[in-house]
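Colleague: Got a file for you: final_15.txt, compact mmCIF, C-alpha atoms.
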# COMPACT_ATOMS: atom_id res chain seq x y z
CA MET A 1 -6.01 1.57 20.19
CA TYR A 2 -3.76 3.63 17.95
CA GLY A 3 -1.84 4.97 20.90
CA ASN A 4 -0.34 1.50 20.98
CA ASP A 5 0.71 1.31 17.35
CA PHE A 6 4.29 1.78 18.28
CA SER A 7 6.21 -0.17 20.80
CA ALA A 8 9.27 1.10 22.59
CA PRO A 9 12.36 0.17 20.56
CA ASP A 10 13.48 -2.43 23.08
CA GLU A 11 10.25 -4.41 22.83
CA PRO A 12 10.40 -7.37 20.46
CA PHE A 13 7.20 -6.38 18.69
CA SER A 14 7.67 -6.90 14.99
CA LEU A 15 6.18 -4.82 12.20
CA LEU A 16 4.24 -7.89 11.13
CA ASP A 17 2.69 -8.12 14.61
CA GLN A 18 1.62 -4.49 14.24
CA VAL A 19 -0.04 -5.25 10.91
CA ASP A 20 -1.88 -8.21 12.44
CA GLU A 21 -3.04 -5.98 15.28
CA ALA A 22 -4.30 -3.36 12.81
CA GLU A 23 -6.22 -6.09 11.00
CA ARG A 24 -7.80 -7.31 14.24
CA ASP A 25 -8.77 -3.74 15.19
CA LEU A 26 -10.34 -3.26 11.76
CA VAL A 27 -12.62 -6.24 12.38
CA ALA A 28 -13.35 -5.14 15.96
CA ALA A 29 -14.27 -1.60 14.88
CA ALA A 30 -16.54 -2.96 12.15
CA GLN A 31 -18.47 -4.95 14.76
CA ARG A 32 -19.13 -1.98 17.03
CA ASP A 33 -22.59 -0.54 16.43
CA LEU A 34 -22.76 3.04 15.29
CA ALA A 35 -25.62 5.01 16.80
CA ARG A 36 -28.41 4.98 14.24
CA ASN A 37 -28.27 7.61 11.58
CA VAL A 38 -31.35 9.58 12.56
CA GLY A 39 -31.53 13.30 11.86
CA ARG A 40 -27.85 13.61 10.99
CA ASP A 41 -26.80 15.42 7.88
CA GLU A 42 -24.10 14.01 5.58
CA GLN A 43 -21.21 15.81 7.25
CA GLU A 44 -22.38 14.70 10.71
CA SER A 45 -22.68 11.07 9.58
CA PHE A 46 -19.19 11.24 8.12
CA ASP A 47 -17.79 12.73 11.34
CA ALA A 48 -19.56 10.07 13.43
CA ILE A 49 -17.90 7.29 11.44
CA ILE A 50 -14.45 8.91 11.78
CA ASP A 51 -14.99 9.49 15.52
CA ALA A 52 -16.00 5.85 16.02
CA ASP A 53 -12.78 4.82 14.25
CA GLN A 54 -14.80 2.96 11.65
CA LYS A 55 -14.15 2.99 7.91
CA ILE A 56 -15.53 5.25 5.21
CA GLU A 57 -16.51 3.06 2.24
CA PRO A 58 -16.58 3.97 -1.48
CA ARG A 59 -20.22 4.97 -1.89
CA ASP A 60 -20.49 6.88 1.40
CA TRP A 61 -20.79 10.64 1.30
CA MET A 62 -17.42 12.29 2.01
CA PRO A 63 -16.12 15.87 1.92
CA GLU A 64 -14.67 16.72 -1.50
CA SER A 65 -11.33 17.66 0.08
CA TYR A 66 -11.15 14.25 1.84
CA ARG A 67 -11.69 12.55 -1.52
CA LYS A 68 -9.07 14.72 -3.23
CA THR A 69 -6.49 14.21 -0.49
CA LEU A 70 -6.95 10.44 -0.72
CA VAL A 71 -6.77 10.35 -4.53
CA ARG A 72 -3.56 12.38 -4.44
CA GLN A 73 -1.97 10.27 -1.70
CA ILE A 74 -3.05 6.84 -3.00
CA ALA A 75 -2.12 7.70 -6.59
CA GLN A 76 1.32 8.95 -5.58
CA HIS A 77 1.76 5.77 -3.60
CA ALA A 78 0.69 3.61 -6.58
CA HIS A 79 3.00 5.49 -8.96
CA SER A 80 5.88 4.94 -6.50
CA GLU A 81 5.33 1.18 -6.60
CA ILE A 82 5.36 1.20 -10.41
CA ILE A 83 8.42 3.46 -10.79
CA GLY A 84 10.02 1.55 -7.89
CA MET A 85 10.32 -1.50 -10.14
CA GLN A 86 13.01 0.24 -12.20
CA PRO A 87 15.97 0.58 -9.81
CA GLU A 88 15.60 -3.09 -8.82
CA GLY A 89 14.67 -4.44 -12.24
CA ASN A 90 18.02 -3.00 -13.25
CA TRP A 91 19.72 -5.84 -11.34
CA ILE A 92 17.58 -8.87 -12.31
CA THR A 93 19.90 -9.98 -15.12
CA ARG A 94 22.98 -9.47 -12.95
CA ALA A 95 21.86 -10.99 -9.65
CA PRO A 96 24.76 -13.12 -8.40
CA SER A 97 22.92 -16.48 -8.32
CA LEU A 98 19.81 -18.18 -9.63
CA LYS A 99 18.30 -18.02 -6.13
CA ARG A 100 18.88 -14.26 -5.84
CA LYS A 101 17.50 -13.79 -9.34
CA ALA A 102 14.29 -15.70 -8.55
CA ILE A 103 13.86 -13.72 -5.31
CA LEU A 104 14.42 -10.38 -7.02
CA LEU A 105 11.96 -11.28 -9.78
CA ALA A 106 9.34 -12.13 -7.16
CA LYS A 107 10.00 -8.85 -5.38
CA VAL A 108 9.69 -6.74 -8.51
CA GLN A 109 6.49 -8.61 -9.39
CA ASP A 110 5.18 -7.76 -5.90
CA GLU A 111 5.84 -4.06 -6.57
CA ALA A 112 3.67 -4.27 -9.71
CA GLY A 113 1.00 -6.00 -7.62
CA HIS A 114 1.17 -3.30 -4.95
CA GLY A 115 0.76 -0.64 -7.63
CA LEU A 116 -2.37 -2.46 -8.85
CA TYR A 117 -3.93 -2.83 -5.37
CA LEU A 118 -3.43 0.89 -4.88
CA TYR A 119 -4.71 1.98 -8.29
CA ALA A 120 -7.80 -0.14 -7.59
CA ALA A 121 -8.25 1.61 -4.21
CA ALA A 122 -7.90 5.04 -5.87
CA GLU A 123 -10.44 4.11 -8.53
CA THR A 124 -13.10 3.48 -5.87
CA LEU A 125 -12.92 7.27 -5.31
CA GLY A 126 -14.23 7.93 -8.81
CA VAL A 127 -11.04 8.51 -10.78
CA SER A 128 -10.28 6.24 -13.78
CA ARG A 129 -7.16 4.11 -14.24
CA ASP A 130 -6.34 5.80 -17.55
CA GLU A 131 -6.54 9.21 -15.88
CA LEU A 132 -4.18 8.09 -13.12
CA VAL A 133 -1.67 6.60 -15.56
CA GLN A 134 -1.82 9.74 -17.67
CA MET A 135 -1.21 12.00 -14.66
CA LEU A 136 1.97 10.07 -13.89
CA LEU A 137 3.14 10.12 -17.52
CA ASP A 138 2.70 13.87 -17.96
CA GLY A 139 4.12 14.70 -14.53
CA ARG A 140 0.94 16.08 -12.93
CA GLN A 141 1.28 13.52 -10.14
CA LYS A 142 4.51 12.57 -8.39
CA TYR A 143 6.11 9.40 -7.10
CA SER A 144 8.44 8.95 -4.14
CA SER A 145 11.70 10.85 -4.62
CA ILE A 146 13.71 7.84 -3.37
CA PHE A 147 13.41 6.11 -6.76
CA ASN A 148 15.35 8.90 -8.44
CA TYR A 149 18.59 7.56 -6.96
CA PRO A 150 20.64 5.04 -8.96
CA THR A 151 21.41 1.42 -8.00
CA LEU A 152 25.15 1.28 -8.69
CA THR A 153 26.11 -2.11 -7.19
CA TRP A 154 24.49 -5.37 -6.12
CA ALA A 155 24.74 -4.18 -2.51
CA ASP A 156 22.28 -1.41 -3.41
CA ILE A 157 19.61 -4.09 -3.81
CA GLY A 158 20.33 -5.07 -0.19
CA ALA A 159 20.27 -1.46 1.00
CA ILE A 160 16.99 -0.79 -0.80
CA GLY A 161 15.37 -3.79 0.85
CA TRP A 162 16.65 -2.99 4.31
CA LEU A 163 16.47 0.82 4.38
CA VAL A 164 14.05 1.91 1.65
CA ASP A 165 11.51 -0.87 2.21
CA GLY A 166 12.12 -0.56 5.96
CA ALA A 167 11.29 3.17 5.87
CA ALA A 168 8.30 2.44 3.63
CA ILE A 169 6.97 -0.10 6.14
CA VAL A 170 7.35 2.30 9.08
CA ASN A 171 5.42 4.87 7.02
CA GLN A 172 2.83 2.36 5.89
CA VAL A 173 2.02 0.32 8.99
CA PRO A 174 -0.06 3.21 10.41
CA LEU A 175 -1.87 3.44 7.05
CA CYS A 176 -3.30 -0.03 7.77
CA ARG A 177 -5.56 1.96 10.14
CA CYS A 178 -6.50 4.64 7.61
CA SER A 179 -10.12 5.77 7.81
CA TYR A 180 -10.77 4.94 4.14
CA GLY A 181 -11.63 1.22 3.95
CA PRO A 182 -10.21 0.24 0.53
CA TYR A 183 -6.90 1.99 1.28
CA ALA A 184 -6.60 0.39 4.74
CA ARG A 185 -7.29 -3.07 3.31
CA ALA A 186 -4.77 -2.61 0.48
CA MET A 187 -2.15 -1.46 2.99
CA ILE A 188 -2.62 -4.53 5.19
CA ARG A 189 -1.93 -6.73 2.17
CA ILE A 190 1.03 -4.63 1.10
CA CYS A 191 2.67 -4.48 4.52
CA LYS A 192 2.55 -8.25 4.91
CA GLU A 193 4.34 -8.63 1.57
CA GLU A 194 6.80 -5.81 2.24
CA SER A 195 8.08 -7.68 5.23
CA PHE A 196 9.61 -10.28 2.88
CA HIS A 197 11.22 -7.43 0.92
CA GLN A 198 12.86 -5.94 3.97
CA ARG A 199 14.19 -9.28 5.21
CA GLN A 200 15.61 -10.28 1.82
CA GLY A 201 17.47 -6.94 1.68
CA TYR A 202 18.83 -7.41 5.17
CA GLU A 203 19.99 -10.92 4.26
CA ILE A 204 21.84 -9.64 1.18
CA LEU A 205 23.69 -7.05 3.29
CA HIS A 206 24.40 -9.58 6.05
CA THR A 207 25.92 -12.01 3.53
CA LEU A 208 28.06 -9.27 1.99
CA SER A 209 29.20 -7.81 5.30
CA HIS A 210 30.32 -11.27 6.45
CA GLY A 211 32.09 -11.98 3.15
CA THR A 212 35.39 -10.70 1.78
CA PRO A 213 36.69 -7.23 2.74
CA ALA A 214 35.74 -6.00 -0.74
CA GLN A 215 32.17 -7.33 -0.31
CA LYS A 216 31.89 -5.70 3.09
CA ALA A 217 33.17 -2.40 1.65
CA MET A 218 30.53 -2.66 -1.09
CA ALA A 219 27.81 -3.14 1.55
CA GLN A 220 29.09 -0.16 3.57
CA ASP A 221 29.21 2.03 0.46
CA ALA A 222 25.57 1.20 -0.33
CA VAL A 223 24.46 1.99 3.23
CA ASP A 224 26.43 5.27 3.09
CA ARG A 225 24.57 6.33 -0.05
CA TRP A 226 21.04 5.15 0.89
CA TRP A 227 20.87 6.25 4.56
CA TYR A 228 19.99 9.92 4.14
CA PRO A 229 17.67 9.50 1.12
CA SER A 230 15.83 6.88 3.23
CA LEU A 231 15.47 9.35 6.13
CA ALA A 232 14.12 11.89 3.62
CA MET A 233 11.33 9.44 2.67
CA PHE A 234 9.42 10.55 5.78
CA GLY A 235 8.95 13.95 4.17
CA PRO A 236 9.73 17.47 5.34
CA PRO A 237 10.04 18.23 9.08
CA ASP A 238 6.74 18.68 10.93
CA THR A 239 7.21 22.44 11.02
CA GLU A 240 7.04 22.53 7.21
CA SER A 241 4.63 19.71 6.46
CA THR A 242 1.66 21.16 4.58
CA HIS A 243 -0.96 18.40 4.59
CA SER A 244 -0.42 16.89 8.01
CA GLU A 245 -2.94 18.47 10.34
CA GLN A 246 -6.09 17.89 8.31
CA SER A 247 -4.96 14.36 7.40
CA MET A 248 -4.52 13.57 11.10
CA ALA A 249 -8.03 14.83 11.89
CA TRP A 250 -9.47 12.65 9.12
CA GLY A 251 -7.65 9.55 10.33
CA ILE A 252 -5.69 9.28 7.08
CA LYS A 253 -2.43 9.96 8.84
CA ARG A 254 -1.72 8.78 12.38
CA PHE A 255 1.79 10.01 13.21
CA SER A 256 3.86 13.02 12.24
CA ASN A 257 6.76 12.82 9.78
CA ASP A 258 9.32 13.46 12.52
CA ASP A 259 7.86 10.81 14.85
CA LEU A 260 8.04 8.18 12.11
CA ARG A 261 11.58 9.21 11.15
CA GLN A 262 12.66 8.86 14.79
CA ARG A 263 11.05 5.46 15.03
CA PHE A 264 12.92 4.32 11.91
CA VAL A 265 16.29 5.53 13.21
CA ASP A 266 15.76 3.80 16.56
CA MET A 267 14.97 0.55 14.74
CA CYS A 268 17.97 0.70 12.41
CA VAL A 269 20.69 1.27 14.98
CA GLY A 270 20.58 -2.24 16.45
CA GLN A 271 20.10 -3.82 13.03
CA ALA A 272 23.20 -2.02 11.69
CA GLU A 273 25.25 -3.30 14.63
CA ILE A 274 24.36 -6.91 13.80
CA LEU A 275 25.27 -6.27 10.17
CA GLY A 276 28.62 -4.94 11.36
CA LEU A 277 28.03 -1.83 9.25
CA LYS A 278 28.18 1.82 10.30
CA LEU A 279 25.34 4.27 9.77
CA PRO A 280 27.02 7.32 8.18
CA ASP A 281 26.22 9.82 10.93
CA ASP A 282 28.84 10.89 13.50
CA ALA A 283 26.18 12.67 15.53
CA LEU A 284 24.15 9.47 15.96
CA ARG A 285 23.99 8.54 19.65
CA TRP A 286 21.56 7.33 22.31
CA ASN A 287 19.87 10.09 24.28
CA ALA A 288 18.78 8.54 27.57
CA GLU A 289 16.78 11.60 28.52
CA ARG A 290 14.59 11.44 25.42
CA GLY A 291 14.67 7.64 25.24
CA HIS A 292 15.57 7.96 21.57
CA HIS A 293 18.64 8.32 19.38
CA ASP A 294 19.81 11.77 18.37
CA PHE A 295 20.69 11.92 14.69
CA SER A 296 21.47 14.29 11.83
CA ALA A 297 18.55 15.33 9.65
CA PRO A 298 18.69 14.56 5.93
CA ASP A 299 19.28 17.40 3.50
CA PHE A 300 15.74 18.69 2.95
CA ASP A 301 16.87 21.13 0.24
CA GLU A 302 18.12 18.12 -1.71
CA LEU A 303 14.75 16.40 -1.10
CA MET A 304 12.94 19.42 -2.56
CA ARG A 305 15.27 19.52 -5.58
CA VAL A 306 14.69 15.81 -6.28
CA ILE A 307 10.91 16.18 -5.88
CA LYS A 308 10.95 19.09 -8.33
CA GLY A 309 12.64 16.88 -10.93
CA ASP A 310 16.32 17.50 -10.45
CA GLY A 311 17.48 14.21 -8.91
CA PRO A 312 20.11 11.90 -10.39
CA CYS A 313 17.61 9.71 -12.30
CA ASN A 314 14.31 11.65 -12.65
CA ARG A 315 14.51 12.00 -16.43
CA GLN A 316 15.68 8.42 -16.93
CA ARG A 317 12.82 7.01 -14.82
CA MET A 318 10.13 9.03 -16.60
CA ASN A 319 11.54 8.34 -20.06
CA HIS A 320 11.61 4.65 -19.31
CA ARG A 321 8.02 4.65 -18.01
CA ARG A 322 6.74 6.60 -21.04
CA ALA A 323 8.60 4.31 -23.43
CA ALA A 324 7.24 1.19 -21.70
CA HIS A 325 3.71 2.60 -21.93
CA VAL A 326 4.03 3.34 -25.66
CA GLU A 327 5.77 0.06 -26.44
CA GLY A 328 3.06 -1.86 -24.56
CA ALA A 329 0.22 -0.15 -26.43
CA TRP A 330 0.00 -2.89 -29.09
CA VAL A 331 -0.52 -5.52 -26.39
CA ARG A 332 -3.41 -3.61 -24.86
CA GLU A 333 -4.92 -2.99 -28.30
CA ALA A 334 -4.49 -6.61 -29.41
CA ALA A 335 -6.13 -7.92 -26.23
CA ALA A 336 -9.05 -5.52 -26.70
CA ALA A 337 -9.40 -6.55 -30.37
CA HIS A 338 -9.32 -10.24 -29.43
CA ALA A 339 -12.01 -9.68 -26.78
CA ALA A 340 -14.17 -7.79 -29.29
CA LYS A 341 -13.78 -10.58 -31.87
CA LYS A 342 -14.79 -13.23 -29.33
CA ARG A 343 -17.87 -11.20 -28.39
CA THR A 344 -18.86 -11.05 -32.07
CA LEU A 345 -18.41 -14.80 -32.48
CA VAL A 346 -20.55 -15.49 -29.43
CA SER A 347 -23.37 -13.20 -30.53
CA ALA A 348 -23.27 -14.45 -34.17
CA MET B 1 -1.00 8.21 -28.89
CA THR B 2 -4.13 8.80 -31.05
CA ASN B 3 -5.38 5.19 -30.97
CA GLU B 4 -4.58 5.05 -27.29
CA ALA B 5 -6.62 8.15 -26.53
CA ARG B 6 -9.68 6.80 -28.35
CA ARG B 7 -9.40 3.30 -26.95
CA PRO B 8 -12.05 2.77 -24.27
CA GLU B 9 -10.53 1.67 -20.99
CA TRP B 10 -10.52 -2.09 -20.33
CA GLY B 11 -13.53 -3.02 -18.23
CA LEU B 12 -13.40 -3.18 -14.44
CA TRP B 13 -13.80 -6.63 -12.84
CA GLU B 14 -14.42 -7.42 -9.19
CA VAL B 15 -12.43 -10.36 -7.85
CA PHE B 16 -13.64 -12.93 -5.29
CA VAL B 17 -11.35 -15.59 -3.86
CA ARG B 18 -12.13 -18.79 -1.94
CA PRO B 19 -9.15 -19.04 0.42
CA ARG B 20 -9.59 -22.72 1.30
CA ARG B 21 -12.08 -25.50 0.72
CA GLY B 22 -15.01 -25.06 3.08
CA LEU B 23 -14.86 -21.24 3.10
CA SER B 24 -16.96 -18.98 0.89
CA HIS B 25 -15.57 -16.67 -1.79
CA SER B 26 -14.74 -13.20 -0.44
CA HIS B 27 -14.20 -9.95 -2.28
CA VAL B 28 -10.47 -9.16 -2.45
CA GLY B 29 -10.30 -6.25 -4.90
CA SER B 30 -10.67 -5.33 -8.53
CA LEU B 31 -8.70 -5.13 -11.77
CA HIS B 32 -9.01 -4.19 -15.43
CA ALA B 33 -9.14 -6.73 -18.24
CA PRO B 34 -10.48 -6.88 -21.81
CA ASP B 35 -12.32 -10.19 -21.27
CA ALA B 36 -13.15 -12.84 -18.67
CA ASP B 37 -10.22 -15.15 -19.48
CA ILE B 38 -7.63 -12.44 -19.02
CA ALA B 39 -9.48 -11.14 -15.95
CA LEU B 40 -9.12 -14.58 -14.41
CA ARG B 41 -5.42 -14.85 -15.26
CA ASN B 42 -4.71 -11.32 -14.00
CA ALA B 43 -6.64 -12.08 -10.82
CA ARG B 44 -4.44 -15.14 -10.25
CA ASP B 45 -1.28 -13.06 -10.70
CA VAL B 46 -2.43 -10.08 -8.66
CA TYR B 47 -4.37 -11.67 -5.80
CA THR B 48 -3.03 -15.21 -5.30
CA ARG B 49 0.77 -14.94 -5.61
CA ARG B 50 1.15 -16.60 -2.21
CA GLN B 51 -1.41 -19.38 -2.46
CA GLU B 52 -4.17 -17.19 -1.04
CA GLY B 53 -6.85 -19.11 -2.89
CA VAL B 54 -8.13 -22.36 -4.36
CA SER B 55 -10.86 -20.78 -6.51
CA ILE B 56 -11.44 -17.38 -8.11
CA TRP B 57 -14.57 -15.62 -9.43
CA VAL B 58 -14.32 -12.55 -11.62
CA VAL B 59 -17.45 -10.46 -12.17
CA PRO B 60 -17.82 -7.40 -14.44
CA ALA B 61 -18.24 -4.49 -12.00
CA SER B 62 -21.02 -3.14 -14.25
CA ALA B 63 -23.03 -6.34 -13.62
CA ILE B 64 -23.29 -5.68 -9.88
CA THR B 65 -26.38 -3.93 -8.52
CA ALA B 66 -25.74 -2.46 -5.09
CA SER B 67 -28.00 -1.03 -2.41
CA SER B 68 -27.54 2.68 -1.91
CA PRO B 69 -25.70 3.85 1.21
CA ASP B 70 -28.01 6.91 1.32
CA GLU B 71 -31.03 4.80 2.11
CA LYS B 72 -29.29 2.15 4.16
CA ASP B 73 -31.28 2.91 7.30
CA SER B 74 -34.71 2.83 5.67
CA PHE B 75 -33.70 -0.09 3.43
CA PHE B 76 -32.70 -2.27 6.36
CA ASP B 77 -35.36 -0.92 8.74
CA PRO B 78 -37.79 -3.84 8.33
CA ALA B 79 -35.35 -6.10 10.21
CA GLY B 80 -34.76 -3.55 12.96
CA ASP B 81 -37.77 -4.29 15.19
CA LYS B 82 -37.99 -8.07 14.82
CA VAL B 83 -35.90 -9.26 17.71
CA TYR B 84 -38.08 -12.39 17.86
CA ARG B 85 -36.13 -13.66 14.84
CA HIS B 86 -33.20 -14.37 17.14
CA PRO B 87 -33.16 -17.45 19.38
CA THR B 88 -31.97 -15.30 22.30
CA PHE B 89 -35.45 -13.63 22.32
CA TYR B 90 -37.04 -16.69 23.88
CA GLU B 91 -37.01 -17.63 27.50
CA VAL B 92 -36.16 -21.26 28.03
CA PRO B 93 -37.63 -22.77 31.21
CA GLU B 94 -35.04 -24.05 33.61
CA GLY B 95 -34.10 -27.66 33.15
CA VAL B 96 -34.99 -27.95 29.44
CA GLN B 97 -32.28 -29.76 27.55
CA HIS B 98 -31.33 -30.15 23.89
CA LEU B 99 -33.13 -26.91 22.92
Let's see the structure in the file written out as structure tokens.
Modeller:
Amino acid sequence: MYGNDFSAPDEPFSLLDQVDEAERDLVAAAQRDLARNVGRDEQESFDAIIDADQKIEPRDWMPESYRKTLVRQIAQHAHSEIIGMQPEGNWITRAPSLKRKAILLAKVQDEAGHGLYLYAAAETLGVSRDELVQMLLDGRQKYSSIFNYPTLTWADIGAIGWLVDGAAIVNQVPLCRCSYGPYARAMIRICKEESFHQRQGYEILHTLSHGTPAQKAMAQDAVDRWWYPSLAMFGPPDTESTHSEQSMAWGIKRFSNDDLRQRFVDMCVGQAEILGLKLPDDALRWNAERGHHDFSAPDFDELMRVIKGDGPCNRQRMNHRRAAHVEGAWVREAAAAHAAKKRTLVSA
Amino acid sequence: MTNEARRPEWGLWEVFVRPRRGLSHSHVGSLHAPDADIALRNARDVYTRRQEGVSIWVVPASAITASSPDEKDSFFDPAGDKVYRHPTFYEVPEGVQHL
């Protein structure tokens, strides 16, 4: 069914509907009988499961490169959720009302939860939590480059919800159909929750853009700054994407970077119109022949610079994460000591 | 960092949630915690932020014994050729009611 993941942009088929459909397909695929595993070697059994669009589960045999690809991708995704708490956490104390503050707190708490679902999925592949955390702290594993941009005004919280979470959802909805069971299940959970994030961002921008001229200008400024970094979230163009082909064959990835980017642009155009805000691209126009919008590509050299560590906030984000880890050490140690003491009391 | 490096990782716990009364607990994921009380609290915060459950079990992952996927065919073979365990195996004469 994955040919039908994406609807044409004029169809009112929401991202949430797509997640529900992925969940139904997951159950349907699980109920189809695989031919019995007679005389197949490990690789052939693995291929048969992928071909049948069923899920690989933690203790199944899998090629080492499949395992490594998943650990790298899931870990990077988990790290992104954890680092992603910073740009938004920055605004919790300054949210303009108690309601907005409560909502933002809930959203940042969700990001922590998403990080945990994903770390748990990665751990089923035989890597430990401490190893994963350490790889983030010493820079051996990356997180999404988008979180290296600063949140300068309250409108940025709106733009992050609408554009950054929107791009994340477009990227992630196909992952609800990933061939690795624990990852697919975590993504279904995450996508359902992300939908609240995107809508709250859109509502912030809508309120601002229908407020005073200064509020509208603030909303426009945030959209101007977040548009291209959001487009860059889909990764390098297909011609330069290194991991794509094998990931497609394994059912980890379902659509190319450029296809997803196009889908995102097509979605945003109508939403921007209703906001009364302009997407900062003079070349953006409908192309009837292609049935899609033409648009300007983001600056991929900038993307590479930010990934390599030279974005506006890379050092700040990593310093903050390292400091939080060190400053939280006493809590982890105290909890472990308390647990050990209770065990002694019970056994005494 | 020295204490941190020596500290054994908090244990892994598997989490099961009963979504509503009348339904059985289902596995929803896992988490790390130093003891059962904190495992339960963490499970509440991680897996039931939107009223997804009315009851939670946490089980140390090390306490679970699982069948091996390598031998799943031979392990489950004994049930494979016993179709007579299903009601659909039996022919019901026409006209029989309440059977």
Colleague: Choose the residue, out of A:Asp165, A:Asp238, A:Asp20, A:Asp60, that has the smallest atom-to-atom separation from chain B; count all atoms listed in the file.
Modeller: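 Checking each of A:Asp165, A:Asp238, A:Asp20, A:Asp60 against chain B, counting all atoms listed in the file, the winner is A:Asp60.
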Colleague: My list of candidates is A:Leu275, A:Ala121, A:Ala78, A:Ala324. Which is closest to chain B when distances are computed with all atoms listed in the file?
Modeller: A:Ala121
Colleague: Between A:Arg321, A:Lys101, A:Arg185, A:Arg225, which is the closest to chain B once you count only C-alpha atoms?
Modeller: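 Between A:Arg321, A:Lys101, A:Arg185, A:Arg225, the residue approaching chain B most closely is A:Arg185.
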Colleague: One number please: CA of Ala43 (chain B) to CA of Ala30 (chain A), in Å, one decimal.
Modeller: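 Separation between CA of Ala43 (chain B) and CA of Ala30 (chain A): 26.6 Å.
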Colleague: As AutoDock Vina command-line options, what would the box around region 124-127 of chain A look like: edges along x, y and z, 5 Å added on every side, centre and edge lengths in Å to one decimal?
Modeller:
--center_x -12.6 --center_y 6.0 --center_z -8.0 --size_x 13.2 --size_y 15.0 --size_z 15.5
Colleague: List as a count of residues only the protein and nucleic acid residues near Thr239 (chain A), meaning an atom at most 12 Å away when only C-alpha atoms are counted, but skip any in the same chain fewer than 6 places from it.
Modeller: 4
Colleague: Pick out the closest residue to chain A from this set: B:Ser55, B:Ser24, B:Ser67, B:Ser62. Count only C-alpha atoms.
Modeller: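 Comparing B:Ser55, B:Ser24, B:Ser67, B:Ser62 against chain A, the winner is B:Ser67.
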Colleague: When you draw a straight line from CA of Trp250 (chain A) to CA of Tyr66 (chain A), how long is it in Å?
Modeller: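 About the pair CA of Trp250 (chain A) and CA of Tyr66 (chain A): they are 7.6 Å apart.
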Colleague: Would you give me, as JSON lines, each residue of chain A having an atom within 8 Å of an atom of chain B, along with its shortest atom pair and that distance in Å to one decimal, using all atoms listed in the file and sorting by chain and residue number?
Modeller:
{"residue": "A:Arg36", "atom": "CA", "partner": "B:Asp73", "partner_atom": "CA", "distance": 7.8}
{"residue": "A:Asn37", "atom": "CA", "partner": "B:Asp73", "partner_atom": "CA", "distance": 7.0}
{"residue": "A:Arg59", "atom": "CA", "partner": "B:Pro69", "partner_atom": "CA", "distance": 6.4}
{"residue": "A:Asp60", "atom": "CA", "partner": "B:Pro69", "partner_atom": "CA", "distance": 6.0}
{"residue": "A:Gly113", "atom": "CA", "partner": "B:Val46", "partner_atom": "CA", "distance": 5.4}
{"residue": "A:Leu116", "atom": "CA", "partner": "B:Leu31", "partner_atom": "CA", "distance": 7.5}
{"residue": "A:Tyr117", "atom": "CA", "partner": "B:Gly29", "partner_atom": "CA", "distance": 7.2}
{"residue": "A:Ala120", "atom": "CA", "partner": "B:Ser30", "partner_atom": "CA", "distance": 6.0}
{"residue": "A:Arg129", "atom": "CA", "partner": "B:Glu9", "partner_atom": "CA", "distance": 7.9}
{"residue": "A:Asp130", "atom": "CA", "partner": "B:Glu9", "partner_atom": "CA", "distance": 6.8}
{"residue": "A:Val326", "atom": "CA", "partner": "B:Met1", "partner_atom": "CA", "distance": 7.7}
{"residue": "A:Ala329", "atom": "CA", "partner": "B:Glu4", "partner_atom": "CA", "distance": 7.1}
{"residue": "A:Glu333", "atom": "CA", "partner": "B:Arg7", "partner_atom": "CA", "distance": 7.8}
{"residue": "A:Ala335", "atom": "CA", "partner": "B:Pro34", "partner_atom": "CA", "distance": 6.3}
{"residue": "A:Ala336", "atom": "CA", "partner": "B:Pro34", "partner_atom": "CA", "distance": 5.3}
{"residue": "A:Ala339", "atom": "CA", "partner": "B:Asp35", "partner_atom": "CA", "distance": 5.5}
Colleague: Would you mind listing, for every residue of region 257-319 of chain A within 12 Å of region 137-159 of chain A, the two atoms forming the shortest contact and the distance between them in Å to one decimal, using only C-alpha atoms, sorted by chain and ascending residue number, as CSV?
Modeller:
residue,atom,partner,partner_atom,distance
A:Cys268,CA,A:Ala159,CA,11.8
A:Ala272,CA,A:Ala159,CA,11.1
A:Leu275,CA,A:Ala159,CA,11.5
A:Leu277,CA,A:Ala159,CA,11.3
A:Leu279,CA,A:Ala159,CA,11.6
A:Phe300,CA,A:Ser145,CA,11.6
A:Glu302,CA,A:Ser145,CA,10.1
A:Leu303,CA,A:Ser145,CA,7.2
A:Met304,CA,A:Ser145,CA,8.9
A:Arg305,CA,A:Ser145,CA,9.4
A:Val306,CA,A:Ser145,CA,6.0
A:Ile307,CA,A:Ser145,CA,5.5
A:Lys308,CA,A:Ser145,CA,9.1
A:Gly309,CA,A:Ser145,CA,8.8
A:Asp310,CA,A:Asn148,CA,8.9
A:Gly311,CA,A:Asn148,CA,5.7
A:Pro312,CA,A:Tyr149,CA,5.7
A:Cys313,CA,A:Asn148,CA,4.5
A:Asn314,CA,A:Asn148,CA,5.1
A:Arg315,CA,A:Asn148,CA,8.6
A:Gln316,CA,A:Asn148,CA,8.5
A:Arg317,CA,A:Asn148,CA,7.1
A:Met318,CA,A:Leu137,CA,7.1
A:Asn319,CA,A:Leu137,CA,9.0
Colleague: Report the distance between CA of Gly80 (chain B) and CA of Gln54 (chain A) in Å, rounded to one decimal place.
Modeller: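 Atom-to-atom, CA of Gly80 (chain B) and CA of Gln54 (chain A) are spaced 21.0 Å apart.
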Colleague: Between A:Leu208, A:Ala95, A:Ile74, A:Ile82, which residue has the minimum interatomic distance to Val108 (chain A), considering all atoms listed in the file?
Modeller: A:Ile82
Colleague: Identify, on the basis of only C-alpha atoms, every residue whose closest approach to Ala217 (chain A) does not exceed 12 Å; exclude the query and any residue fewer than 4 positions from it along the same chain; express the result as a PyMOL selection string.
Modeller: chain A and resi 153+155+205+208-213+221-224+276-278
